[in-house]
Amino acid sequence: MTTRACASCDNPIPTDATFCPVCGASAASPILGDTLLGASRSSGDVATSYELAPERLQAALGPNYVLGRLLGRGGYAEVFTVRDVRLKRELALKVLRPDLILTDALVARFRREAEAVGALQNTHIVPVYDVGEADGILWLLMPLVHGETLKSVLAREHRLPVAEARRILLEAAEALQAAHEAGVVHRDIKPENLMIDGKTRRVLLMDFGIAKAMDPSLEHSLTGTGVVIGTPQYMSPEQALGSGAPDARSDQYSLAVVGYQMLAGRVPFEGENVREIMARQLLEEAVPLSRILRDIPPEISATIHQALRKELKLRFASMDAFARSLRGEMVAPGEGGKVRRKSKFNIPQRRRSWIAAGIWVLVLGGGVYGASRAGLFTPATAPAAPPAPTETTAVRRLDSGRRLAVPARPGAPQRGAPAESALTAMASPPPPATCDAAFAAAEWALAFRYCTREADTSTSAQRNLGLLYADGHGVERNDRLAAVNLAAAAEAGEDTVAVMEMAKRYETGRGVAVDQVKATRFYHIAANLGVKQAFPIVARRYDEGIGIEKNPEQSARWYERAATAMDVPSMTRLAAAYDKGRGVKKDENKATLWYRNAAQLQEPEAEYQLALRLLNGKGGFGKTEKERTAGMGWLRRAAEHGHEEAKQELARRGG
């Protein structure tokens, strides 16, 4: 099978794949697949980046702008810093990548991005200053925002405080309301497209690369029927089907997914490959945040859950209504969508298998997801619907935060039942009658009474009772009794919350004696259960011999799992392992690949190591002038991010 490099992480992917199996980025353009747009990878000697051909880009810009360093690159464009000579200001230049063949469709799409954003006036939307075309190069100029994307924030923090998540959602909703009023649907809302300003922390919505004006006369020429547009984890059901023109409520759904991720530490629908994710987007209901987080305000859980409704009519009528509900204001039924007992997406479990098959016939018939690749795509046949999650699997899927894994409580609404809404969330529910129900409802006194009664027969009750003692909810705080109950739940080897909690307690000595051997054992159990947070911890313990004998091979294995799960420090450590042949066969190319992956996610040590490789002709580089220029760019980035050795090296080289 022929492969090509992912534009975002450089890992090999099949030529007909739509998404990268490593980083999840679009394998072609975030607009559409290249072949659908009429653009394709050139097979000649055209550079894959203007970083390797800066003189051509500088010539296209003319004398009024001075090209700077590469800031980042995506599936169809690159972003550089630019100095505006006339107005003496720093700007950001977005330019279509040189390895894409310019066609009328692609040029039209790029121009429409500039036109769409240029028409919008809002403090939370990154404006466009200028657009140009010269020598086959398309570019636009925007202000240079000194900050980071929400994706970078989440990679570092995993979860955000409720107040911060609400603020980000409200500011993004304001931007989208302005766009929708101007007739523009973004259609690719995700953490990468939400910039957090470094000084003010203001949210800035960017990259309208797949936005469309809501003008039916233009839709067919730019997209066509049956084309799936968007990013799977954040894609609305109507986008996943590719059977109609998504409207403003599709952006609402995607923003709700982002909000869910900020609060829960994970997206509501995950899977091993694109098909599995899309099937869940179409067929499953998200677990309400109120059943995952103990302390979330009910209006936030209700608002996000309603915005995640499968049927358009059941979501909020506008982003303004979404925002008002998020603030806890009353939203009239006509503004929030009519809550009905049944909808076409509320499907009984016994019918889901054959309906899933029919849906995938429709999706595959569009020709977008017909690729087959071991580990990425299964053969192009109709798959069975995913099994209904049991209490155990529900706990396993929640990544790691001990506050994230509350199992489905008995008697709670299942998938297919009416979701809570901003109005119904304010009604007084019946008093909970079980440990899990009382714990999920934050009725601490009742939870303590029920969990004490059920602890002898229920692992989840033991876990909940331990957390109640740990936090002093419903009972006086007692670390020793917390550890006793959590240990009993953890020893069953299935409850990831209890397992991770006991690993941390044995590591720090909270309620138990410090025991690094037991800590490592529990971290290892959690990692084998799929808790991503445990991957780098297990790797480091094998690396440094903490609670276990040093084992470079096992260390490299777990660093690779962590790196593939997008843990940035693990990418750098894995690169170092390939560089030195520690635990893996020495491989300069793989070392360079992982250094580049981490560097693109702003990891200073990786930026520094990648710079040295470019400057010294190591790892497949040849010390050309272009590579030296790129190397100096990475060296400056590492220095700007506080890397001391990079600062010294930059000073030594006169940069």
# chains A, B, ... in the order shown; residues from 1 in each chain; ligands from 1
call {"tool": "residues_around", "arguments": {"residues": "region 68-70 of chain A", "least_positions_apart": "3", "cutoff": "10 Å", "atoms": "only C-alpha atoms", "output": "compact mmCIF listing (two decimals) with all heavy atoms, in the first residue's frame"}}
result
# COMPACT_ATOMS: atom_id res chain seq x y z
N SER A 49 7.10 22.60 1.80
CA SER A 49 6.92 23.72 2.72
C SER A 49 7.67 24.93 2.19
O SER A 49 8.76 24.81 1.63
CB SER A 49 7.46 23.36 4.12
OG SER A 49 7.49 24.50 4.94
N TYR A 50 7.09 26.10 2.38
CA TYR A 50 7.78 27.33 2.00
C TYR A 50 8.95 27.62 2.94
O TYR A 50 9.76 28.50 2.67
CB TYR A 50 6.81 28.51 1.98
CG TYR A 50 5.96 28.54 0.74
CD1 TYR A 50 4.59 28.31 0.81
CD2 TYR A 50 6.53 28.77 -0.51
CE1 TYR A 50 3.80 28.33 -0.34
CE2 TYR A 50 5.75 28.79 -1.66
CZ TYR A 50 4.39 28.57 -1.56
OH TYR A 50 3.63 28.58 -2.70
N GLU A 51 9.04 26.86 4.04
CA GLU A 51 10.21 26.97 4.91
C GLU A 51 11.47 26.54 4.15
O GLU A 51 12.57 27.00 4.43
CB GLU A 51 10.01 26.12 6.16
CG GLU A 51 11.06 26.36 7.24
CD GLU A 51 10.78 25.55 8.49
OE1 GLU A 51 10.16 24.48 8.38
OE2 GLU A 51 11.20 25.98 9.57
N PRO A 54 11.94 29.78 0.97
CA PRO A 54 11.49 31.10 1.46
C PRO A 54 11.63 32.20 0.42
O PRO A 54 10.87 33.17 0.43
CB PRO A 54 12.40 31.34 2.67
CG PRO A 54 13.61 30.50 2.42
CD PRO A 54 13.12 29.30 1.69
N GLN A 58 8.91 35.06 -0.46
CA GLN A 58 9.27 36.47 -0.26
C GLN A 58 9.06 37.28 -1.54
O GLN A 58 8.56 38.41 -1.50
CB GLN A 58 10.73 36.58 0.18
CG GLN A 58 11.23 38.00 0.40
CD GLN A 58 10.48 38.72 1.50
OE1 GLN A 58 10.68 38.44 2.66
NE2 GLN A 58 9.62 39.67 1.14
N TYR A 65 6.64 43.57 2.67
CA TYR A 65 6.57 42.61 3.77
C TYR A 65 7.87 41.80 3.81
O TYR A 65 8.40 41.40 2.76
CB TYR A 65 5.39 41.66 3.59
CG TYR A 65 4.06 42.36 3.53
CD1 TYR A 65 3.36 42.47 2.32
CD2 TYR A 65 3.48 42.90 4.67
CE1 TYR A 65 2.13 43.11 2.26
CE2 TYR A 65 2.25 43.55 4.61
CZ TYR A 65 1.58 43.65 3.41
OH TYR A 65 0.37 44.29 3.35
N ARG A 73 1.76 24.59 10.60
CA ARG A 73 1.24 24.15 9.31
C ARG A 73 0.10 23.16 9.54
O ARG A 73 0.07 22.44 10.53
CB ARG A 73 2.34 23.55 8.44
CG ARG A 73 2.94 22.27 8.93
CD ARG A 73 4.31 21.97 8.30
NE ARG A 73 4.32 22.11 6.88
CZ ARG A 73 4.33 21.08 6.03
NH1 ARG A 73 4.29 19.85 6.50
NH2 ARG A 73 4.37 21.28 4.74
N GLU A 78 0.12 26.97 5.55
CA GLU A 78 1.18 27.23 6.52
C GLU A 78 1.04 28.66 7.03
O GLU A 78 0.49 29.51 6.35
CB GLU A 78 2.56 27.06 5.88
CG GLU A 78 2.84 25.66 5.39
CD GLU A 78 4.23 25.53 4.77
OE1 GLU A 78 4.57 26.37 3.93
OE2 GLU A 78 4.94 24.60 5.14
N VAL A 79 1.55 28.89 8.23
CA VAL A 79 1.48 30.22 8.83
C VAL A 79 2.89 30.67 9.20
O VAL A 79 3.61 29.95 9.89
CB VAL A 79 0.56 30.24 10.07
CG1 VAL A 79 0.49 31.65 10.66
CG2 VAL A 79 -0.84 29.76 9.71
N PHE A 80 3.25 31.86 8.72
CA PHE A 80 4.56 32.46 9.00
C PHE A 80 4.37 33.82 9.68
O PHE A 80 3.32 34.45 9.56
CB PHE A 80 5.34 32.69 7.69
CG PHE A 80 5.78 31.44 6.99
CD1 PHE A 80 4.92 30.74 6.16
CD2 PHE A 80 7.08 30.96 7.14
CE1 PHE A 80 5.32 29.60 5.51
CE2 PHE A 80 7.50 29.82 6.49
CZ PHE A 80 6.61 29.14 5.67
N THR A 81 5.41 34.24 10.39
CA THR A 81 5.43 35.63 10.84
C THR A 81 5.89 36.50 9.67
O THR A 81 6.66 36.06 8.81
CB THR A 81 6.40 35.83 12.01
OG1 THR A 81 7.71 35.46 11.62
CG2 THR A 81 5.98 35.00 13.21
N VAL A 82 5.38 37.73 9.64
CA VAL A 82 5.73 38.68 8.58
C VAL A 82 5.88 40.06 9.20
O VAL A 82 5.09 40.44 10.08
CB VAL A 82 4.63 38.70 7.48
CG1 VAL A 82 4.80 39.91 6.57
CG2 VAL A 82 4.70 37.45 6.63
N ARG A 83 6.87 40.80 8.74
CA ARG A 83 7.06 42.17 9.19
C ARG A 83 6.50 43.13 8.15
O ARG A 83 6.89 43.10 6.98
CB ARG A 83 8.56 42.45 9.39
CG ARG A 83 8.90 43.89 9.75
CD ARG A 83 8.43 44.25 11.12
NE ARG A 83 8.85 45.60 11.51
CZ ARG A 83 8.42 46.23 12.59
NH1 ARG A 83 7.58 45.64 13.41
NH2 ARG A 83 8.84 47.45 12.87
N GLU A 90 4.14 43.47 13.34
CA GLU A 90 4.29 42.05 13.08
C GLU A 90 2.92 41.46 12.73
O GLU A 90 1.93 41.71 13.42
CB GLU A 90 4.85 41.34 14.31
CG GLU A 90 6.26 41.76 14.68
CD GLU A 90 7.28 41.37 13.63
OE1 GLU A 90 7.16 40.26 13.06
OE2 GLU A 90 8.20 42.17 13.38
N LEU A 91 2.88 40.67 11.67
CA LEU A 91 1.64 40.05 11.21
C LEU A 91 1.83 38.55 11.07
O LEU A 91 2.95 38.03 11.15
CB LEU A 91 1.20 40.65 9.87
CG LEU A 91 0.95 42.15 9.81
CD1 LEU A 91 0.63 42.57 8.38
CD2 LEU A 91 -0.16 42.55 10.76
N ALA A 92 0.73 37.88 10.86
CA ALA A 92 0.76 36.45 10.55
C ALA A 92 0.34 36.26 9.10
O ALA A 92 -0.65 36.84 8.65
CB ALA A 92 -0.18 35.68 11.48
N LEU A 93 1.10 35.49 8.36
CA LEU A 93 0.83 35.20 6.96
C LEU A 93 0.34 33.77 6.83
O LEU A 93 1.04 32.83 7.23
CB LEU A 93 2.10 35.39 6.13
CG LEU A 93 2.00 34.96 4.66
CD1 LEU A 93 1.30 36.03 3.85
CD2 LEU A 93 3.38 34.67 4.10
N THR A 629 18.50 27.70 7.65
CA THR A 629 17.50 28.73 7.95
C THR A 629 16.39 28.17 8.83
O THR A 629 15.97 28.80 9.81
CB THR A 629 16.90 29.28 6.65
OG1 THR A 629 17.95 29.85 5.86
CG2 THR A 629 15.86 30.36 6.94
N ALA A 630 15.92 26.97 8.47
CA ALA A 630 14.87 26.34 9.28
C ALA A 630 15.39 26.03 10.67
O ALA A 630 14.67 26.20 11.67
CB ALA A 630 14.39 25.06 8.59
N MET A 632 17.72 27.59 12.40
CA MET A 632 17.79 28.82 13.19
C MET A 632 16.39 29.24 13.66
O MET A 632 16.23 29.76 14.77
CB MET A 632 18.43 29.94 12.37
CG MET A 632 19.93 29.76 12.13
SD MET A 632 20.88 29.72 13.66
CE MET A 632 20.66 31.42 14.24
N GLY A 633 15.39 28.98 12.83
CA GLY A 633 14.02 29.30 13.23
C GLY A 633 13.59 28.48 14.44
O GLY A 633 13.01 29.01 15.40
N TRP A 634 13.89 27.18 14.43
CA TRP A 634 13.55 26.33 15.57
C TRP A 634 14.37 26.71 16.80
O TRP A 634 13.87 26.65 17.94
CB TRP A 634 13.77 24.86 15.24
CG TRP A 634 12.71 24.28 14.36
CD1 TRP A 634 12.83 23.88 13.06
CD2 TRP A 634 11.34 24.05 14.71
NE1 TRP A 634 11.64 23.42 12.58
CE2 TRP A 634 10.70 23.50 13.56
CE3 TRP A 634 10.60 24.25 15.86
CZ2 TRP A 634 9.35 23.16 13.56
CZ3 TRP A 634 9.25 23.91 15.87
CH2 TRP A 634 8.64 23.36 14.72
N ARG A 636 15.42 29.70 17.57
CA ARG A 636 14.82 30.91 18.13
C ARG A 636 13.54 30.57 18.90
O ARG A 636 13.27 31.14 19.96
CB ARG A 636 14.52 31.92 17.02
CG ARG A 636 15.74 32.73 16.59
CD ARG A 636 15.35 33.88 15.68
NE ARG A 636 14.92 33.40 14.38
CZ ARG A 636 15.73 33.21 13.34
NH1 ARG A 636 17.02 33.47 13.46
NH2 ARG A 636 15.26 32.77 12.19
N ARG A 637 12.75 29.63 18.37
CA ARG A 637 11.52 29.25 19.06
C ARG A 637 11.84 28.62 20.41
O ARG A 637 11.18 28.91 21.42
CB ARG A 637 10.72 28.26 18.21
CG ARG A 637 10.05 28.89 17.00
CD ARG A 637 9.21 27.91 16.23
NE ARG A 637 8.04 27.46 16.99
CZ ARG A 637 7.07 26.72 16.49
NH1 ARG A 637 7.11 26.34 15.22
NH2 ARG A 637 6.04 26.35 17.22
call {"tool": "atom_distance", "arguments": {"atom1": "CA of Lys94 (chain A)", "atom2": "CA of Tyr234 (chain A)"}}
result
23.6 Å
call {"tool": "closest_residue", "arguments": {"among": "A:Ala488, A:Glu640, A:Lys532, A:His124", "to": "Thr200 (chain A)", "atoms": "only C-alpha atoms"}}
result
A:His124
call {"tool": "residues_around", "arguments": {"residues": "Ala323 (chain A)", "least_positions_apart": "3", "cutoff": "7 Å", "atoms": "only C-alpha atoms", "output": "VMD selection string"}}
result
chain A and resid 170 173 319 to 320 326 to 327
